[in-house]
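Trainee: Structure provided below as structure tokens; questions to follow.
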Amino acid sequence: MEYLYVPEPQALGSMAARWVAREILKLPTAVLGLPTGSTPIEMYKVLVRMVQEGLVSFAQATTFNLDEYVGLNADHPQSYATFMREHFWSRVDLPKESVHIPRGSAPDIVAECLCYDEKLEEAGGIDIQILGLGINGHIGFNEPSHNLQTRTHVVDLTPETIEANARFFPDIDSVPRQAITMGIGSIMQSNKILLLVSGEQKKEILYKTLFGPVSTEVPASILQLHSELTVLTDILHYI
Ligand code: F6R
């Protein structure tokens, strides 16, 4: 594991963007796994600038998002598809057909999960996975549980996640109770993982993730078993 500490929260996004840009320059055809949420917003902003300045191109890349809320269609203002369009897809040179996100409003959600995994398999899996960390230790929407699922599946969101994500919705009752998420197996099979963690409120869960026992109760702790994990954070832990 590589632990990269950034003293300034604002610098986290540009450090992350440069990390991703270096990977894309090395492998322009990379398959990227992408997160939404507050943490990667600055990274996307800087990557957009880099593309506009001609420093990097996503023209040959493919992307798979980690998750989407069940019941929200791609045009819903709070869907992750809308988030991605606004922050990234519409601003970079990624071809439309190279972009993938689960369809939260698919009529058959189980079939949608299978179809997502088929597309992931056709693409050869993820080369570079970027992750945020939930306050309860989730990655994607793989929530704490007595077991973890390896492939794309439907998940009931925990009260902590619903509460944490209420800030993006008009009120807590509008937060969907379920999501589709990529499974832990697909995440762990990525060649490289970049975990982005920001804010003192995540200090304890980051500690448990990296130094606690590997446990399904802290899904992110499984990342300890990945051989190419880079943690980029503004949280200082002495290691
Ligand atoms: C979102 C996702 C989640 C977030 C996590 C942290 O696509 O996969 O695991 O990365 O909930 O969210 P923020 O960055 O908003 O604290």
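Going by the structure tokens order, chains are called A, B, ..., each with residues numbered from 1, while ligands are numbered from 1 in the order shown.
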Step by step, measure atom-to-atom distances between ligand 1 and each residue using only C-alpha atoms and all ligand atoms, keep those at most 7 Å, then write them as a PyMOL selection string.
Mentor: chain A and resi 35-40+66-67+131-135+138-141
Trainee: Identify, with DSSP run on backbone atoms, the residues in region 166-216 of chain A assigned to strand (DSSP E or B), and express the list as a PyMOL selection string.
Mentor: chain A and resi 178-181+192-197+215
Trainee: Which residues in region 162-216 of chain A does DSSP call helix (DSSP H, G or I)? List them as JSON, numbers by chain.
Mentor: {"A": [162, 163, 164, 165, 166, 167, 168, 172, 173, 174, 184, 185, 186, 187, 188, 200, 201, 202, 203, 204, 205, 206, 207, 208, 209, 210, 211]}
Trainee: Please dump the current selection as a PDB file, in the first residue's frame; keep N, CA and C atoms.
Mentor:
```
ATOM      1  N   ILE A 162     -28.020   6.583   4.085  1.00  0.00           N
ATOM      2  CA  ILE A 162     -29.179   7.412   3.721  1.00  0.00           C
ATOM      3  C   ILE A 162     -29.008   8.793   4.346  1.00  0.00           C
ATOM      4  N   GLU A 163     -28.575   8.809   5.601  1.00  0.00           N
ATOM      5  CA  GLU A 163     -28.390  10.095   6.295  1.00  0.00           C
ATOM      6  C   GLU A 163     -27.239  10.885   5.658  1.00  0.00           C
ATOM      7  N   ALA A 164     -26.126  10.197   5.382  1.00  0.00           N
ATOM      8  CA  ALA A 164     -24.963  10.893   4.807  1.00  0.00           C
ATOM      9  C   ALA A 164     -25.295  11.468   3.432  1.00  0.00           C
ATOM     10  N   ASN A 165     -26.133  10.778   2.660  1.00  0.00           N
ATOM     11  CA  ASN A 165     -26.410  11.227   1.293  1.00  0.00           C
ATOM     12  C   ASN A 165     -27.624  12.146   1.196  1.00  0.00           C
ATOM     13  N   ALA A 166     -28.298  12.367   2.329  1.00  0.00           N
ATOM     14  CA  ALA A 166     -29.481  13.243   2.325  1.00  0.00           C
ATOM     15  C   ALA A 166     -29.105  14.659   1.899  1.00  0.00           C
ATOM     16  N   ARG A 167     -27.833  15.035   2.082  1.00  0.00           N
ATOM     17  CA  ARG A 167     -27.416  16.400   1.726  1.00  0.00           C
ATOM     18  C   ARG A 167     -27.571  16.689   0.234  1.00  0.00           C
ATOM     19  N   PHE A 168     -27.637  15.657  -0.579  1.00  0.00           N
ATOM     20  CA  PHE A 168     -27.795  15.870  -2.026  1.00  0.00           C
ATOM     21  C   PHE A 168     -29.274  15.948  -2.441  1.00  0.00           C
ATOM     22  N   ILE A 172     -34.581  13.990   3.631  1.00  0.00           N
ATOM     23  CA  ILE A 172     -34.110  12.608   3.835  1.00  0.00           C
ATOM     24  C   ILE A 172     -35.087  11.574   3.250  1.00  0.00           C
ATOM     25  N   ASP A 173     -36.384  11.925   3.236  1.00  0.00           N
ATOM     26  CA  ASP A 173     -37.367  10.966   2.703  1.00  0.00           C
ATOM     27  C   ASP A 173     -37.235  10.771   1.199  1.00  0.00           C
ATOM     28  N   SER A 174     -36.577  11.704   0.525  1.00  0.00           N
ATOM     29  CA  SER A 174     -36.417  11.575  -0.932  1.00  0.00           C
ATOM     30  C   SER A 174     -35.220  10.691  -1.304  1.00  0.00           C
ATOM     31  N   ILE A 184     -17.733  -6.434  -4.709  1.00  0.00           N
ATOM     32  CA  ILE A 184     -16.386  -6.375  -4.141  1.00  0.00           C
ATOM     33  C   ILE A 184     -15.380  -7.142  -5.008  1.00  0.00           C
ATOM     34  N   GLY A 185     -15.864  -8.245  -5.628  1.00  0.00           N
ATOM     35  CA  GLY A 185     -14.957  -9.041  -6.469  1.00  0.00           C
ATOM     36  C   GLY A 185     -14.461  -8.223  -7.649  1.00  0.00           C
ATOM     37  N   SER A 186     -15.385  -7.520  -8.321  1.00  0.00           N
ATOM     38  CA  SER A 186     -14.991  -6.707  -9.487  1.00  0.00           C
ATOM     39  C   SER A 186     -14.030  -5.599  -9.061  1.00  0.00           C
ATOM     40  N   ILE A 187     -14.282  -5.026  -7.892  1.00  0.00           N
ATOM     41  CA  ILE A 187     -13.394  -3.959  -7.395  1.00  0.00           C
ATOM     42  C   ILE A 187     -12.005  -4.540  -7.110  1.00  0.00           C
ATOM     43  N   MET A 188     -11.990  -5.688  -6.424  1.00  0.00           N
ATOM     44  CA  MET A 188     -10.704  -6.283  -6.034  1.00  0.00           C
ATOM     45  C   MET A 188      -9.918  -6.830  -7.223  1.00  0.00           C
ATOM     46  N   GLU A 200     -11.775  15.074   8.504  1.00  0.00           N
ATOM     47  CA  GLU A 200     -11.507  14.489   9.826  1.00  0.00           C
ATOM     48  C   GLU A 200     -12.599  13.516  10.266  1.00  0.00           C
ATOM     49  N   GLN A 201     -13.840  13.734   9.776  1.00  0.00           N
ATOM     50  CA  GLN A 201     -14.939  12.850  10.185  1.00  0.00           C
ATOM     51  C   GLN A 201     -14.720  11.421   9.684  1.00  0.00           C
ATOM     52  N   LYS A 202     -13.765  11.242   8.746  1.00  0.00           N
ATOM     53  CA  LYS A 202     -13.494   9.887   8.246  1.00  0.00           C
ATOM     54  C   LYS A 202     -12.197   9.305   8.837  1.00  0.00           C
ATOM     55  N   LYS A 203     -11.632  10.006   9.839  1.00  0.00           N
ATOM     56  CA  LYS A 203     -10.353   9.559  10.396  1.00  0.00           C
ATOM     57  C   LYS A 203     -10.466   8.139  10.981  1.00  0.00           C
ATOM     58  N   GLU A 204     -11.502   7.925  11.777  1.00  0.00           N
ATOM     59  CA  GLU A 204     -11.649   6.635  12.451  1.00  0.00           C
ATOM     60  C   GLU A 204     -11.911   5.503  11.438  1.00  0.00           C
ATOM     61  N   ILE A 205     -12.782   5.769  10.471  1.00  0.00           N
ATOM     62  CA  ILE A 205     -13.116   4.695   9.515  1.00  0.00           C
ATOM     63  C   ILE A 205     -11.925   4.427   8.589  1.00  0.00           C
ATOM     64  N   LEU A 206     -11.123   5.469   8.324  1.00  0.00           N
ATOM     65  CA  LEU A 206      -9.923   5.222   7.504  1.00  0.00           C
ATOM     66  C   LEU A 206      -8.951   4.344   8.282  1.00  0.00           C
ATOM     67  N   TYR A 207      -8.838   4.614   9.587  1.00  0.00           N
ATOM     68  CA  TYR A 207      -7.949   3.798  10.419  1.00  0.00           C
ATOM     69  C   TYR A 207      -8.402   2.331  10.402  1.00  0.00           C
ATOM     70  N   LYS A 208      -9.709   2.130  10.607  1.00  0.00           N
ATOM     71  CA  LYS A 208     -10.241   0.756  10.608  1.00  0.00           C
ATOM     72  C   LYS A 208     -10.032   0.095   9.248  1.00  0.00           C
ATOM     73  N   THR A 209     -10.214   0.885   8.175  1.00  0.00           N
ATOM     74  CA  THR A 209     -10.060   0.362   6.820  1.00  0.00           C
ATOM     75  C   THR A 209      -8.651  -0.165   6.587  1.00  0.00           C
ATOM     76  N   LEU A 210      -7.676   0.613   7.019  1.00  0.00           N
ATOM     77  CA  LEU A 210      -6.287   0.280   6.663  1.00  0.00           C
ATOM     78  C   LEU A 210      -5.570  -0.564   7.701  1.00  0.00           C
ATOM     79  N   PHE A 211      -5.968  -0.417   8.964  1.00  0.00           N
ATOM     80  CA  PHE A 211      -5.186  -1.065  10.021  1.00  0.00           C
ATOM     81  C   PHE A 211      -6.004  -1.996  10.910  1.00  0.00           C
TER      82      PHE A 211
END
```
Trainee: Neighbours of region 16-26 of chain A within 10 Å (only C-alpha atoms; same-chain residues fewer than 3 positions away dropped), as an MDAnalysis selection string?
Mentor: chainID A and resid 11:13 29:32 40 42:51 55:58 60:61 127:130 192 194:196 230:233
Trainee: Go ahead and write the residues just picked, N, CA, C and O atoms, as a compact mmCIF listing (two decimals), in the first residue's frame.
Mentor:
```
# COMPACT_ATOMS: atom_id res chain seq x y z
N ALA A 11 -5.85 20.32 -2.38
CA ALA A 11 -4.80 19.71 -3.21
C ALA A 11 -5.10 18.24 -3.52
O ALA A 11 -4.52 17.67 -4.44
N LEU A 12 -6.03 17.67 -2.76
CA LEU A 12 -6.35 16.25 -2.96
C LEU A 12 -6.86 15.98 -4.38
O LEU A 12 -6.45 15.03 -5.04
N GLY A 13 -7.73 16.89 -4.85
CA GLY A 13 -8.31 16.73 -6.18
C GLY A 13 -7.25 16.82 -7.27
O GLY A 13 -7.24 16.01 -8.21
N THR A 29 -5.94 3.21 -23.40
CA THR A 29 -7.16 2.40 -23.57
C THR A 29 -7.70 1.88 -22.23
O THR A 29 -8.50 0.93 -22.21
N ALA A 30 -7.27 2.47 -21.14
CA ALA A 30 -7.62 1.93 -19.82
C ALA A 30 -9.13 1.88 -19.59
O ALA A 30 -9.89 2.71 -20.09
N VAL A 31 -9.53 0.86 -18.82
CA VAL A 31 -10.91 0.76 -18.33
C VAL A 31 -10.89 1.32 -16.91
O VAL A 31 -10.18 0.81 -16.04
N LEU A 32 -11.65 2.40 -16.72
CA LEU A 32 -11.65 3.08 -15.43
C LEU A 32 -12.92 2.78 -14.65
O LEU A 32 -14.01 2.79 -15.22
N PRO A 40 -14.61 13.14 -5.05
CA PRO A 40 -13.91 13.23 -6.34
C PRO A 40 -14.23 14.47 -7.19
O PRO A 40 -13.70 14.60 -8.29
N GLU A 42 -13.43 17.64 -7.14
CA GLU A 42 -12.29 18.47 -7.55
C GLU A 42 -11.39 17.71 -8.54
O GLU A 42 -10.86 18.28 -9.48
N MET A 43 -11.27 16.39 -8.33
CA MET A 43 -10.48 15.57 -9.26
C MET A 43 -11.07 15.67 -10.68
O MET A 43 -10.33 15.86 -11.66
N TYR A 44 -12.39 15.55 -10.78
CA TYR A 44 -13.03 15.63 -12.10
C TYR A 44 -12.79 17.02 -12.71
O TYR A 44 -12.50 17.14 -13.90
N LYS A 45 -12.89 18.05 -11.86
CA LYS A 45 -12.70 19.43 -12.36
C LYS A 45 -11.30 19.58 -12.97
O LYS A 45 -11.14 20.12 -14.06
N VAL A 46 -10.31 19.07 -12.26
CA VAL A 46 -8.94 19.21 -12.75
C VAL A 46 -8.71 18.35 -13.99
O VAL A 46 -8.05 18.78 -14.94
N LEU A 47 -9.30 17.16 -14.01
CA LEU A 47 -9.15 16.31 -15.21
C LEU A 47 -9.78 16.98 -16.43
O LEU A 47 -9.22 16.93 -17.53
N VAL A 48 -10.94 17.63 -16.23
CA VAL A 48 -11.60 18.33 -17.33
C VAL A 48 -10.65 19.42 -17.87
O VAL A 48 -10.45 19.55 -19.09
N ARG A 49 -10.04 20.15 -16.94
CA ARG A 49 -9.10 21.22 -17.35
C ARG A 49 -7.93 20.61 -18.14
O ARG A 49 -7.51 21.13 -19.17
N MET A 50 -7.41 19.50 -17.65
CA MET A 50 -6.27 18.86 -18.33
C MET A 50 -6.63 18.43 -19.74
O MET A 50 -5.83 18.54 -20.66
N VAL A 51 -7.88 17.92 -19.91
CA VAL A 51 -8.33 17.51 -21.25
C VAL A 51 -8.45 18.75 -22.13
O VAL A 51 -7.98 18.76 -23.28
N LEU A 55 -3.59 18.06 -22.28
CA LEU A 55 -2.55 17.33 -21.55
C LEU A 55 -2.87 15.84 -21.49
O LEU A 55 -1.97 15.01 -21.33
N VAL A 56 -4.14 15.51 -21.56
CA VAL A 56 -4.54 14.11 -21.46
C VAL A 56 -5.82 13.92 -22.27
O VAL A 56 -6.55 14.90 -22.52
N SER A 57 -6.07 12.69 -22.71
CA SER A 57 -7.27 12.42 -23.50
C SER A 57 -7.91 11.12 -23.03
O SER A 57 -7.20 10.15 -22.71
N PHE A 58 -9.25 11.13 -22.98
CA PHE A 58 -9.98 9.91 -22.63
C PHE A 58 -10.62 9.27 -23.86
O PHE A 58 -11.49 8.41 -23.73
N GLN A 60 -9.76 7.11 -25.93
CA GLN A 60 -9.67 5.65 -26.09
C GLN A 60 -10.04 4.89 -24.82
O GLN A 60 -9.95 3.67 -24.77
N ALA A 61 -10.41 5.64 -23.78
CA ALA A 61 -10.69 4.99 -22.49
C ALA A 61 -12.14 4.49 -22.44
O ALA A 61 -12.97 4.86 -23.27
N ASP A 127 -9.13 -1.68 -15.14
CA ASP A 127 -7.68 -1.47 -14.99
C ASP A 127 -7.41 -0.58 -13.77
O ASP A 127 -6.55 -0.89 -12.95
N ILE A 128 -8.12 0.53 -13.73
CA ILE A 128 -7.86 1.53 -12.68
C ILE A 128 -9.16 1.88 -11.99
O ILE A 128 -10.07 2.43 -12.61
N GLN A 129 -9.25 1.53 -10.73
CA GLN A 129 -10.47 1.79 -9.96
C GLN A 129 -10.24 2.95 -9.00
O GLN A 129 -9.31 2.92 -8.20
N ILE A 130 -11.10 3.94 -9.09
CA ILE A 130 -11.02 5.06 -8.14
C ILE A 130 -12.20 4.90 -7.18
O ILE A 130 -13.33 4.65 -7.62
N LYS A 192 -5.31 -1.70 -10.42
CA LYS A 192 -4.82 -0.69 -9.48
C LYS A 192 -5.99 0.00 -8.84
O LYS A 192 -7.02 0.19 -9.51
N LEU A 194 -7.16 3.46 -6.50
CA LEU A 194 -6.87 4.73 -5.83
C LEU A 194 -8.04 5.02 -4.90
O LEU A 194 -9.17 5.18 -5.34
N LEU A 195 -7.75 5.05 -3.59
CA LEU A 195 -8.79 5.34 -2.59
C LEU A 195 -8.64 6.79 -2.14
O LEU A 195 -7.58 7.17 -1.62
N LEU A 196 -9.69 7.58 -2.34
CA LEU A 196 -9.67 9.00 -1.96
C LEU A 196 -10.46 9.19 -0.68
O LEU A 196 -11.62 8.79 -0.61
N THR A 230 -3.34 2.56 -3.65
CA THR A 230 -2.81 3.87 -3.27
C THR A 230 -3.91 4.60 -2.52
O THR A 230 -5.04 4.68 -2.99
N VAL A 231 -3.57 5.10 -1.33
CA VAL A 231 -4.52 5.87 -0.54
C VAL A 231 -4.09 7.33 -0.62
O VAL A 231 -2.94 7.66 -0.30
N LEU A 232 -4.98 8.17 -1.06
CA LEU A 232 -4.68 9.60 -1.17
C LEU A 232 -5.63 10.32 -0.24
O LEU A 232 -6.85 10.24 -0.40
N THR A 233 -5.08 11.01 0.76
CA THR A 233 -5.94 11.53 1.82
C THR A 233 -5.37 12.79 2.46
O THR A 233 -4.16 13.02 2.44
```
Trainee: Hey, which of A:Leu223, A:Ile193, A:Leu4, A:Val110 ends up closest to Thr152 (chain A)? Count only C-alpha atoms.
Mentor: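 Residue with the minimum atom-to-atom distance to Thr152 (chain A): A:Val110.
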Trainee: Point out the residue among A:Asn73, A:Asn65, A:Asn191, A:Ser145 with the least atom-to-atom distance to Ala220 (chain A), counting only C-alpha atoms.
Mentor: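 Between A:Asn73, A:Asn65, A:Asn191, A:Ser145, the residue approaching Ala220 (chain A) most closely is A:Ser145.
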Trainee: Can you tell me, as number ranges by chain, what residues are no more than 10 Å from Phe83 (chain A) when counting only C-alpha atoms, ignoring any on the same chain fewer than 5 positions away?
Mentor: A: 36-37, 41, 74-78, 88-89
Trainee: Can you pull out every residue within 12 Å of Gly104 (chain A), counting only C-alpha atoms, but drop anything in the same chain fewer than 5 positions away, and send it as a PyMOL selection string?
Mentor: chain A and resi 67-76+78-82+109-113+116+153-155+176-181
Trainee: One decimal, Å: what's the distance from CA of Leu27 (chain A) over to CA of Pro95 (chain A), could you say?
Mentor: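 Spanning CA of Leu27 (chain A) to CA of Pro95 (chain A) is a straight-line distance of 16.6 Å.
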Trainee: Just give me the gap between CA of Asn142 (chain A) and CA of His87 (chain A) in Å, one decimal is fine.
Mentor: 23.3 Å
Trainee: Could you state the separation of CA of Gly137 (chain A) and CA of Glu118 (chain A) in Å, given to one decimal place?
Mentor: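 The value is 27.1 Å.
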